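What follows is the content of upload35.cif, which has mmCIF, C-alpha atoms (C1' of nucleotides):
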```cif
data_run
#
loop_
_atom_site.label_atom_id
_atom_site.label_comp_id
_atom_site.auth_asym_id
_atom_site.auth_seq_id
_atom_site.Cartn_x
_atom_site.Cartn_y
_atom_site.Cartn_z
CA MET A 1 12.81 21.46 -13.24
CA LYS A 2 10.56 21.70 -10.24
CA ILE A 3 11.45 24.07 -7.42
CA ARG A 4 9.56 23.47 -4.20
CA GLU A 5 7.81 26.36 -2.44
CA GLU A 6 8.13 25.11 1.10
CA TYR A 7 11.60 24.41 2.34
CA THR A 8 13.49 23.91 5.55
CA CYS A 9 16.86 25.18 4.34
CA PRO A 10 18.39 27.07 1.41
CA LEU A 11 20.34 23.97 0.49
CA GLU A 12 17.10 22.56 -0.86
CA LEU A 13 16.90 25.32 -3.42
CA ALA A 14 20.42 24.58 -4.62
CA HIS A 15 19.60 20.91 -4.70
CA ASP A 16 16.44 21.42 -6.76
CA ILE A 17 18.52 23.25 -9.32
CA THR A 18 21.18 20.57 -9.74
CA ARG A 19 19.05 17.53 -9.27
CA GLY A 20 18.51 16.44 -12.87
CA LYS A 21 20.18 13.31 -14.18
CA TRP A 22 22.65 15.22 -16.33
CA LYS A 23 23.39 18.47 -14.53
CA PRO A 24 26.36 17.42 -12.40
CA ILE A 25 28.22 15.69 -15.20
CA ILE A 26 27.64 18.64 -17.51
CA LEU A 27 29.13 21.02 -14.96
CA TRP A 28 31.98 18.60 -14.41
CA GLN A 29 32.76 18.49 -18.11
CA LEU A 30 32.88 22.26 -18.13
CA ARG A 31 35.39 22.44 -15.30
CA LEU A 32 38.35 22.42 -17.65
CA GLY A 33 37.26 25.44 -19.67
CA ASN A 34 34.96 26.63 -22.38
CA THR A 35 33.52 24.07 -24.71
CA SER A 36 30.93 23.55 -27.41
CA LEU A 37 27.68 21.63 -27.49
CA THR A 38 29.14 19.01 -29.81
CA ASN A 39 32.08 18.53 -27.53
CA LEU A 40 29.88 18.00 -24.53
CA GLU A 41 27.74 15.58 -26.47
CA ARG A 42 30.80 13.58 -27.40
CA ASN A 43 32.16 13.47 -23.88
CA ILE A 44 29.06 12.49 -21.97
CA GLN A 45 27.94 8.89 -22.27
CA SER A 46 24.38 8.32 -23.52
CA ILE A 47 23.28 11.93 -23.57
CA ASN A 48 21.64 13.37 -26.64
CA GLN A 49 21.55 16.87 -28.00
CA LYS A 50 18.06 17.63 -26.82
CA MET A 51 18.72 16.72 -23.21
CA LEU A 52 21.93 18.66 -23.28
CA ILE A 53 20.34 21.86 -24.52
CA GLU A 54 17.50 21.53 -22.05
CA GLN A 55 19.84 21.11 -19.11
CA LEU A 56 22.22 23.83 -20.25
CA LYS A 57 19.34 26.26 -20.45
CA GLU A 58 18.24 25.45 -16.92
CA LEU A 59 21.76 25.74 -15.57
CA MET A 60 21.99 29.11 -17.24
CA GLU A 61 18.73 30.33 -15.66
CA PHE A 62 20.25 29.89 -12.24
CA GLY A 63 23.61 31.34 -13.06
CA MET A 64 25.69 28.18 -12.93
CA ILE A 65 26.94 28.56 -16.48
CA ASP A 66 26.87 31.08 -19.26
CA LYS A 67 27.38 30.97 -23.01
CA ARG A 68 29.02 33.04 -25.63
CA VAL A 69 27.71 33.11 -29.16
CA PHE A 70 30.21 33.97 -31.87
CA GLU A 71 29.11 35.84 -34.95
CA GLY A 72 29.77 34.60 -38.46
CA TYR A 73 30.65 31.31 -40.01
CA PRO A 74 31.14 28.58 -38.96
CA LEU A 75 28.44 28.85 -36.29
CA LYS A 76 30.00 28.68 -32.86
CA VAL A 77 28.72 28.69 -29.30
CA GLU A 78 30.80 28.16 -26.19
CA TYR A 79 29.57 27.29 -22.74
CA PHE A 80 31.51 28.00 -19.56
CA LEU A 81 31.15 27.98 -15.77
CA THR A 82 30.29 31.11 -13.84
CA ASP A 83 31.79 31.71 -10.39
CA ARG A 84 28.79 30.03 -8.87
CA GLY A 85 29.27 27.07 -11.16
CA LYS A 86 32.86 26.87 -10.06
CA ARG A 87 31.79 26.70 -6.44
CA MET A 88 29.40 23.96 -7.43
CA ILE A 89 32.35 22.04 -8.84
CA GLU A 90 33.81 21.85 -5.35
CA ALA A 91 30.72 19.98 -4.23
CA ILE A 92 30.80 17.74 -7.27
CA THR A 93 34.43 16.91 -6.59
CA ILE A 94 33.35 15.43 -3.29
CA LEU A 95 30.70 13.40 -5.12
CA GLN A 96 33.40 12.14 -7.43
CA HIS A 97 35.46 10.84 -4.51
CA ILE A 98 32.48 9.21 -2.89
CA GLY A 99 31.52 7.64 -6.21
CA ILE A 100 34.97 6.15 -6.69
CA GLU A 101 34.88 4.74 -3.21
CA LEU A 102 31.46 3.20 -3.76
CA MET A 103 32.59 1.58 -6.96
CA GLN A 104 35.70 0.14 -5.35
CA GLU A 105 33.58 -1.39 -2.63
CA ASN A 106 31.34 -3.00 -5.18
CA GLY A 107 33.96 -4.71 -7.28
CA MET A 108 33.85 -2.20 -10.08
CA GLU A 109 37.58 -1.47 -10.05
CA GLU A 110 37.78 -2.75 -13.58
CA ALA A 111 35.51 -0.04 -14.91
CA LEU A 112 37.43 2.55 -12.93
CA ARG A 113 40.73 1.38 -14.30
CA GLU A 114 39.50 1.38 -17.89
CA LYS A 115 38.54 5.01 -17.64
CA GLY A 116 41.64 5.94 -15.73
CA PHE A 117 40.05 6.92 -12.46
CA ILE A 118 42.38 4.76 -10.43
CA GLU A 119 45.89 3.35 -10.73
CA MET B 1 15.87 5.24 -6.64
CA LYS B 2 17.18 4.58 -10.10
CA ILE B 3 20.88 3.96 -10.66
CA ARG B 4 22.01 4.24 -14.27
CA GLU B 5 24.14 1.48 -15.81
CA GLU B 6 26.04 3.63 -18.28
CA TYR B 7 28.03 6.46 -16.84
CA THR B 8 30.81 8.78 -17.73
CA CYS B 9 32.14 9.37 -14.22
CA PRO B 10 31.79 7.92 -10.71
CA LEU B 11 30.26 11.19 -9.58
CA GLU B 12 27.11 10.12 -11.39
CA LEU B 13 26.77 7.14 -9.09
CA ALA B 14 27.04 9.36 -6.02
CA HIS B 15 24.56 11.75 -7.57
CA ASP B 16 22.03 9.01 -8.30
CA ILE B 17 22.13 8.05 -4.66
CA THR B 18 21.48 11.51 -3.25
CA ARG B 19 19.17 12.82 -5.90
CA GLY B 20 15.79 12.40 -4.23
CA LYS B 21 13.86 15.41 -3.03
CA TRP B 22 14.50 14.67 0.64
CA LYS B 23 17.91 13.05 0.89
CA PRO B 24 20.13 16.11 1.28
CA ILE B 25 17.99 17.74 3.94
CA ILE B 26 17.78 14.49 5.89
CA LEU B 27 21.56 14.18 5.91
CA TRP B 28 21.83 17.82 6.87
CA GLN B 29 19.54 17.34 9.83
CA LEU B 30 21.72 14.49 10.98
CA ARG B 31 24.88 16.54 10.90
CA LEU B 32 24.57 17.63 14.51
CA GLY B 33 24.43 14.12 15.90
CA ASN B 34 22.18 11.13 16.44
CA THR B 35 18.49 11.67 16.26
CA SER B 36 15.17 9.89 16.14
CA LEU B 37 12.58 9.51 13.43
CA THR B 38 10.15 11.77 15.24
CA ASN B 39 12.75 14.42 15.59
CA LEU B 40 13.54 14.35 11.90
CA GLU B 41 9.88 14.50 11.03
CA ARG B 42 9.45 17.55 13.21
CA ASN B 43 12.44 19.35 11.78
CA ILE B 44 11.85 18.85 8.08
CA GLN B 45 9.12 20.96 6.49
CA SER B 46 6.35 19.04 4.69
CA ILE B 47 7.86 15.59 4.95
CA ASN B 48 5.79 12.70 6.19
CA GLN B 49 6.82 9.61 8.02
CA LYS B 50 6.47 7.33 5.06
CA MET B 51 8.82 9.35 2.85
CA LEU B 52 11.23 9.65 5.71
CA ILE B 53 11.46 5.92 6.33
CA GLU B 54 11.80 5.21 2.63
CA GLN B 55 14.62 7.69 2.20
CA LEU B 56 16.41 6.63 5.36
CA LYS B 57 16.38 3.04 4.15
CA GLU B 58 17.93 4.02 0.83
CA LEU B 59 20.57 6.18 2.48
CA MET B 60 21.42 3.24 4.67
CA GLU B 61 21.80 0.89 1.69
CA PHE B 62 24.59 3.04 0.36
CA GLY B 63 26.31 3.57 3.65
CA MET B 64 25.54 7.24 4.14
CA ILE B 65 23.84 6.70 7.47
CA ASP B 66 23.31 3.93 9.97
CA LYS B 67 20.89 3.28 12.78
CA ARG B 68 21.09 1.94 16.25
CA VAL B 69 18.19 0.11 17.80
CA PHE B 70 18.03 0.16 21.58
CA GLU B 71 16.63 -2.84 23.43
CA GLY B 72 13.87 -2.63 25.97
CA TYR B 73 11.22 -0.08 26.74
CA PRO B 74 10.55 2.52 25.66
CA LEU B 75 11.37 1.51 22.06
CA LYS B 76 14.13 3.68 20.70
CA VAL B 77 15.92 4.03 17.38
CA GLU B 78 18.63 6.53 16.55
CA TYR B 79 19.94 7.46 13.14
CA PHE B 80 23.41 8.88 12.55
CA LEU B 81 25.87 9.71 9.77
CA THR B 82 28.61 7.31 8.75
CA ASP B 83 32.01 8.63 7.69
CA ARG B 84 30.79 8.67 4.13
CA GLY B 85 27.72 10.61 5.16
CA LYS B 86 29.96 13.10 6.90
CA ARG B 87 31.90 13.63 3.72
CA MET B 88 28.61 14.13 1.95
CA ILE B 89 27.84 16.89 4.43
CA GLU B 90 30.83 18.82 3.12
CA ALA B 91 29.22 18.85 -0.31
CA ILE B 92 25.86 19.80 1.13
CA THR B 93 27.45 22.67 3.02
CA ILE B 94 28.48 24.13 -0.31
CA LEU B 95 24.90 23.73 -1.53
CA GLN B 96 23.75 25.58 1.53
CA HIS B 97 25.97 28.57 0.72
CA ILE B 98 24.89 28.62 -2.88
CA GLY B 99 21.27 28.38 -1.81
CA ILE B 100 21.59 31.34 0.53
CA GLU B 101 23.22 33.37 -2.20
CA LEU B 102 20.47 32.50 -4.66
CA MET B 103 17.80 33.52 -2.19
CA GLN B 104 19.49 36.81 -1.46
CA GLU B 105 19.63 37.59 -5.15
CA ASN B 106 15.94 36.89 -5.47
CA GLY B 107 14.70 39.10 -2.71
CA MET B 108 14.07 36.32 -0.27
CA GLU B 109 16.13 37.81 2.54
CA GLU B 110 13.02 37.96 4.65
CA ALA B 111 12.60 34.20 4.64
CA LEU B 112 16.29 33.78 5.41
CA ARG B 113 16.12 36.15 8.31
CA GLU B 114 13.05 34.48 9.78
CA LYS B 115 14.81 31.17 9.94
CA GLY B 116 18.04 32.68 11.14
CA PHE B 117 20.21 31.95 8.13
CA ILE B 118 21.44 35.50 7.88
CA GLU B 119 22.01 38.42 10.22
"C1'" DC C 1 25.28 20.91 -45.38
"C1'" DT C 2 26.32 21.72 -40.29
"C1'" DG C 3 25.53 23.05 -35.57
"C1'" DG C 4 22.19 24.77 -32.50
"C1'" DA C 5 17.52 24.87 -30.83
"C1'" DT C 6 12.33 23.60 -30.25
"C1'" DC C 7 8.16 20.68 -30.22
"C1'" DC C 8 5.38 16.74 -29.40
"C1'" DC C 9 4.43 12.63 -27.12
"C1'" DG C 10 4.87 8.11 -24.82
"C1'" DA C 11 7.26 5.70 -21.17
"C1'" DA C 12 9.57 5.53 -16.85
"C1'" DT C 13 10.23 7.32 -12.32
"C1'" DG C 14 9.22 9.78 -8.31
"C1'" DA C 15 6.07 11.79 -4.80
"C1'" DT C 16 1.86 12.03 -2.39
"C1'" DA C 17 -2.81 10.60 -1.14
"C1'" DC C 18 -5.71 7.13 0.06
"C1'" DT C 19 -7.20 3.12 2.55
"C1'" DG C 20 -7.78 -0.55 5.29
"C1'" DC D 1 1.90 2.83 9.20
"C1'" DA D 2 2.46 -0.60 5.02
"C1'" DG D 3 0.55 -1.25 0.44
"C1'" DT D 4 -1.42 0.42 -3.30
"C1'" DA D 5 -3.49 3.86 -6.45
"C1'" DT D 6 -2.99 8.26 -8.38
"C1'" DC D 7 -0.95 12.23 -9.88
"C1'" DA D 8 3.20 14.98 -11.35
"C1'" DT D 9 7.60 15.33 -13.30
"C1'" DT D 10 11.47 13.82 -15.85
"C1'" DC D 11 13.56 11.43 -19.60
"C1'" DG D 12 14.21 10.02 -24.29
"C1'" DG D 13 13.10 9.37 -29.36
"C1'" DG D 14 12.28 11.46 -33.34
"C1'" DA D 15 10.77 15.00 -36.42
"C1'" DT D 16 11.50 19.61 -37.57
"C1'" DC D 17 13.17 24.28 -37.88
"C1'" DC D 18 16.43 28.06 -38.33
"C1'" DA D 19 20.57 30.48 -39.77
"C1'" DG D 20 24.89 30.96 -42.25
#
```
What would you get if you wrote out this structure as structure tokens?
Amino acid sequence: MKIREEYTCPLELAHDITRGKWKPIILWQLRLGNTSLTNLERNIQSINQKMLIEQLKELMEFGMIDKRVFEGYPLKVEYFLTDRGKRMIEAITILQHIGIELMQENGMEEALREKGFIE
Amino acid sequence: MKIREEYTCPLELAHDITRGKWKPIILWQLRLGNTSLTNLERNIQSINQKMLIEQLKELMEFGMIDKRVFEGYPLKVEYFLTDRGKRMIEAITILQHIGIELMQENGMEEALREKGFIE
DNA sequence: CTGGATCCCGAATGATACTG
DNA sequence: CAGTATCATTCGGGATCCAG
């Protein structure tokens, strides 16, 4: 993840941090509470474990999420949003609305209906 | 700008559209009202005209901004936010707050003060 | 064996420099 | 100031490793 050195506004720093292909959807999946790697992998279309771990690590570096590692067997790790991550969710919620609107405009209502985003 | 075909949520579509290095800051600069290309170029650190035009075109394709071309001399073009772009600004405002917070945590208050973001 | 994590590498994409 | 070449970064596949 590349962070620029020259910037006009702090928003660019926040943007650099959340700019990857998978970061917003990962945060979004975490909005409902703690969850495991496997769970995330199941719930995010087309992602693979490697990508997931990479992105989670980067999100952790900037305090958007955190993880809890449980001792003993079976091995268990849970990821969850920090307060900052929760504030990020507010921004992502707006993206969600805009995305739905864009899809409706482009005749993709069918896809939206299938996944239960409308109706 | 690459738009994925497989997605879990509409938010990913909105994210794909605003993911470029320059898009959020361009929208942000437009938040205060109509402005010209030259003005944008002046107000955004390290951007060049080519990038700017490219990004503006893409933002226009997805209805985030629009432009108005004035007839006659001198030649004049103004860019401005659409309603969708204005909703996007709400998300970017959250990024701005998070960015300021991140910079404060990392001892970059000086930079913030210089540009008038704090104090 | 299972779940989590790392490494390497080629391909795709994005950003900037160059050039006429 | 548009088109193209170049350089940098991100993404994805697959092998591999570690610990219980």
*Minimum-distance residue to chain D, chosen among A:Glu105, A:Glu41, A:Glu71, A:Glu5 (using all atoms listed in the file)*: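 Nearest candidate to chain D out of A:Glu105, A:Glu41, A:Glu71, A:Glu5: A:Glu71.
Going from CA of Ile25 (chain B) over to CA of Gly85 (chain A), you cover 21.0 Å.
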*Restrict the distance test to all atoms listed in the file, flag each residue of chain A within 9 Å of chain D, and return the flagged residues as a list in words.*
Met1, Lys2, Gly20, Lys21, Asn48, Lys50, Met51, Gly72, Tyr73, Pro74 and Leu75 of chain A
For the interface of chain A with chain C (cut-off 8 Å, counting only C-alpha atoms (C1' of nucleotides)), please tabulate each contacting residue of chain A alongside its nearest pair of atoms and their separation in Å to one decimal, rows sorted by chain and increasing number, as a tab-separated table.
```
residue	atom	partner	partner_atom	distance
A:Thr38	CA	C:DG3	C1'	7.9
A:Ile53	CA	C:DA5	C1'	7.5
A:Leu75	CA	C:DG3	C1'	6.5
A:Lys76	CA	C:DG3	C1'	7.7
```
Show me, as JSON lines, the residues of chain A having an atom within 7 Å of chain B, each with the closest atom pair and its distance in Å, using only C-alpha atoms.
```
{"residue": "A:Glu6", "atom": "CA", "partner": "B:Gln45", "partner_atom": "CA", "distance": 6.9}
{"residue": "A:Tyr7", "atom": "CA", "partner": "B:Gln45", "partner_atom": "CA", "distance": 5.9}
{"residue": "A:Thr8", "atom": "CA", "partner": "B:Gln45", "partner_atom": "CA", "distance": 5.4}
{"residue": "A:Pro10", "atom": "CA", "partner": "B:Gly99", "partner_atom": "CA", "distance": 4.5}
{"residue": "A:Leu11", "atom": "CA", "partner": "B:Gln96", "partner_atom": "CA", "distance": 3.9}
{"residue": "A:Glu12", "atom": "CA", "partner": "B:Ile25", "partner_atom": "CA", "distance": 6.9}
{"residue": "A:Leu13", "atom": "CA", "partner": "B:Gly99", "partner_atom": "CA", "distance": 5.6}
{"residue": "A:Ala14", "atom": "CA", "partner": "B:Gly99", "partner_atom": "CA", "distance": 4.8}
{"residue": "A:His15", "atom": "CA", "partner": "B:Leu95", "partner_atom": "CA", "distance": 6.8}
{"residue": "A:Arg19", "atom": "CA", "partner": "B:Arg19", "partner_atom": "CA", "distance": 5.8}
{"residue": "A:Ile25", "atom": "CA", "partner": "B:Glu12", "partner_atom": "CA", "distance": 6.8}
{"residue": "A:Ile44", "atom": "CA", "partner": "B:Thr8", "partner_atom": "CA", "distance": 5.9}
{"residue": "A:Gln45", "atom": "CA", "partner": "B:Thr8", "partner_atom": "CA", "distance": 5.4}
{"residue": "A:Ala91", "atom": "CA", "partner": "B:Ala91", "partner_atom": "CA", "distance": 4.3}
{"residue": "A:Ile92", "atom": "CA", "partner": "B:Leu11", "partner_atom": "CA", "distance": 7.0}
{"residue": "A:Ile94", "atom": "CA", "partner": "B:Ala91", "partner_atom": "CA", "distance": 6.1}
{"residue": "A:Leu95", "atom": "CA", "partner": "B:Leu11", "partner_atom": "CA", "distance": 5.0}
{"residue": "A:Gln96", "atom": "CA", "partner": "B:Leu11", "partner_atom": "CA", "distance": 3.9}
{"residue": "A:Ile98", "atom": "CA", "partner": "B:Ala14", "partner_atom": "CA", "distance": 6.3}
{"residue": "A:Gly99", "atom": "CA", "partner": "B:Pro10", "partner_atom": "CA", "distance": 4.5}
{"residue": "A:Ile100", "atom": "CA", "partner": "B:Pro10", "partner_atom": "CA", "distance": 5.4}
```
*Separation of CA of Thr35 (chain B) and CA of Val77 (chain B), in Å?*
8.1 Å
_Distance query 12 Å from (30.0, 3.7, 8.3) using all atoms listed in the file, result as a list in words_ = Leu59, Met60, Glu61, Phe62, Gly63, Met64, Ile65, Asp66, Lys67, Tyr79, Phe80, Leu81, Thr82, Asp83, Arg84, Gly85, Lys86 and Arg87 of chain B
*Quick one: distance from CA of Gly107 (chain B) to CA of Arg31 (chain B) in Å, one decimal?*
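Interatomic distance, CA of Gly107 (chain B) to CA of Arg31 (chain B): 28.2 Å.
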